[in-house]
Amino acid sequence: MFRSLFGPGGVDPLGAAARGPVIVAFLVFIGVALLWVFTLATQENRPERLYVADRSLSPVLNGFAMAGEQISVVTLFATTGAVALFGYDGIASAVDSVIALGVLLLLARRIRDSGRFTLGDLFALRAPGPGPRLAAAVVTLVITVPLLIVQLRAAGISVALLIGLSSDQAQIGCTLLMGCLVACFAAVADLRGTTFVHVVKVVVTLAVLAAVTVPALGKFSWDPGDLLSAAVGKSMSPQGYLDHGLWAHTAGLGPLNTLSDHIVVILGTALMPHLILRVGASRSGASARRSMSIATGLVGAFFLLLIATGFSAAAVVGSRDIGAVDPNGQAAPILLASEVLGRGSGLRVTLVTVMACVAFLAVLTAVTSVTFAAAVSFAHDVFARFRRGAREGDEGDEGEVRALRTAVVVLCAVSLTLSAVVHRYPVEFLVTFSMSVVASCVFPVLVQSFFWPAFNRRGLLWTVYGGLALCVLLTLFSPIVSGTEYALWPHARFDWYPFHTPGLVSVPAAFLLGRLGSRYRPGTLGRYRPPKPAPPHTRPPADGTGAREAASLRVQDRR
């Protein structure tokens with residue numbers, strides 16, 4: 001992402017005269033934002049309050065926050081750029097992201113009524129013991145670190161674009177600076193505090209996207225048809241702009257590759273660990289469904305505005321000029337904000353500055369949410385369950401909170417280091433890899449846990465580790481790693497797997513492994529014996545109250 005953003009003769013969206021005021025305003029915004037989020041940080045040492053805000057969030061507040069979880073710097077820039085450069089293919093990716101919330105809507109009530117809020121808790125519904133919790137922690141880590149690498153890298157390069165620095169060293173420096181600022185917030189964050197930041201981010205982002213789209217429409221006599229015609233005319237392929245296959249990542253690979261991509265994006269986006277944590281913060285199962293309904297509407301509006309922004313950028317700036325800055329088009333929103341009002345407009349600097357502030361908010365909240373969910377998984381599923389000689393009560397809770405804060409700092413440090421190391425490489429595929437792991441490991445486990453009574457511990461472990469192994473293997477031998485011009489190693493050739501994502505193979509295989517593992521008994525392969533019923537404390541609570549049941553589960557598991 002942004003691989004060619006600052007080549008020789010790169011585009012400067014601001015100009016020397018406007019850069020000073022923009023940088024000053026941007027730094028002031030960063031200071032105010034960090035001061036605000038530090039005031040939201042709680043001093044509580046009760047894990048339940050930190051993790052799920054005592055399950056006290058209203059449906060409207062949690063719905064806005066759930067929508068905010070979908071607004072990341074990668075989504076903001078990548079989707080807009082895909083629409084601006086590749087037309088139909090970019091729209092398809094946006095639609096998949098909205099459908100994903102529909103999948104979570106179908107499962108939200110069951111997740112909340114189970115009283116669980118981490119993958120380890122959910123995996124233990126039908127498979128008690130340390131094995132499933134360790135598997136959940138491994139999966140959460142594999143999902144989280146690639147997402148953080150890409151998010152931090154995108155944030156640093158966006159800031160470098162804003163201040164007009166073009167060297168790799170400057171971009172890496174901006175990445176480290178942004179990462180340290182975000183890590184400071186993540187280290188003191190809790191779910192309730194991040195909720196309010198998400199709400200503000202949703203409102204501001206929708207307003208800014210509308211502010212750059214409306215003037216663009218005004219340039220074409222307020223006729224959406226004329227704007228779309230101009231976008232098609234200025235595209236790199238007017239004949240194929242509104243047809244499938246213009247995106248090089250999908251061209252020539254056939255409908256099965258497209259189906260695999262859809263499977264991965266829809267199922268992978270739906271059940272990210274930070275979204276499951278957010279569902280667990282609802283007051284009840286009914287409240288969780290209402291929150292998801294609100295979030296789906298807001299996310300739908302967000303992606304409609306992203307599509308409109310992409311078409312506006314193509315019509316005003318031109319796809320060729322956008323592609324000259326970055327081959328994937330992620331600079332489209334900033335270039336549109338710079339050009340839509342004209343170079344002589346006084347509001348132009350304000351619009352670019354606000355766009356940069358939205359990008360910072362997106363980085364701040366997205367990285368914090370992903371990191372916080374992973375740290376909760378470690379503290380709640382690993383540290384609290386496996387430490388020896390721990391005392392119950394306040395001392396045990398304080399140790400769990402310290403483990404949470406330590407895990408946040410370590411995750412941020414590791415991800416930031418890796419982001420700087422891989423800065424020069426095209427690592428966008430890490431996002432789809434994380435989605436593939438969710439679709440292949442988390443989705444099959446939850447579906448079988450909720451809807452198949454015979455699903456057991458062996459089936460769960462076969463599903464998780466088998467699905468994870470397939471994701472790693474098929475991604476490694478796919479065209480996004482070798483054999484294509486956009487691959488990680490374009491001059492190597494070991495791309496024997498023909499599709500970009502493993503979902504077409506790994507998702508059905510994970511379900512099959514779960515089925516086989518649950519039916520398998522040593523010495524009786526092929527003959528099914530119903531498993532013994534799970535102990536009462538591992539069954540999902542029926543009344544959906546959640547807080548009392550979760551506390552009881554923690555005490556029993558520790559014993």
# chains A, B, ... in the order shown; residues from 1 in each chain; ligands from 1
>>> residues_around(residues="segment 105-107 of chain A", least_positions_apart="3", cutoff="8 Å", atoms="only C-alpha atoms", output="MDAnalysis selection string")
chainID A and resid 101:102 110:111 289 292:293
>>> select_by_dssp(residues="segment 463-505 of chain A", states="helix (DSSP H, G or I)", output="list of chain:residue names")
A:Thr463, A:Val464, A:Tyr465, A:Gly466, A:Gly467, A:Leu468, A:Ala469, A:Leu470, A:Cys471, A:Val472, A:Leu473, A:Leu474, A:Thr475, A:Leu476, A:Gly503, A:Leu504, A:Val505
>>> closest_residue(among="A:Val145, A:Ala183, A:Leu446, A:Ala315", to="Ala231 of chain A", atoms="only C-alpha atoms")
A:Ala315
>>> closest_atom_pairs(of="segment 279-360 of chain A", to="segment 364-384 of chain A", cutoff="10 Å", atoms="only C-alpha atoms", output="CSV")
residue,atom,partner,partner_atom,distance
A:Val358,CA,A:Leu364,CA,9.8
A:Ala359,CA,A:Leu364,CA,8.6
A:Phe360,CA,A:Leu364,CA,6.0
>>> closest_residue(among="A:Arg493, A:Arg278, A:Arg46, A:Arg385", to="Gly120 of chain A", atoms="only C-alpha atoms")
A:Arg385
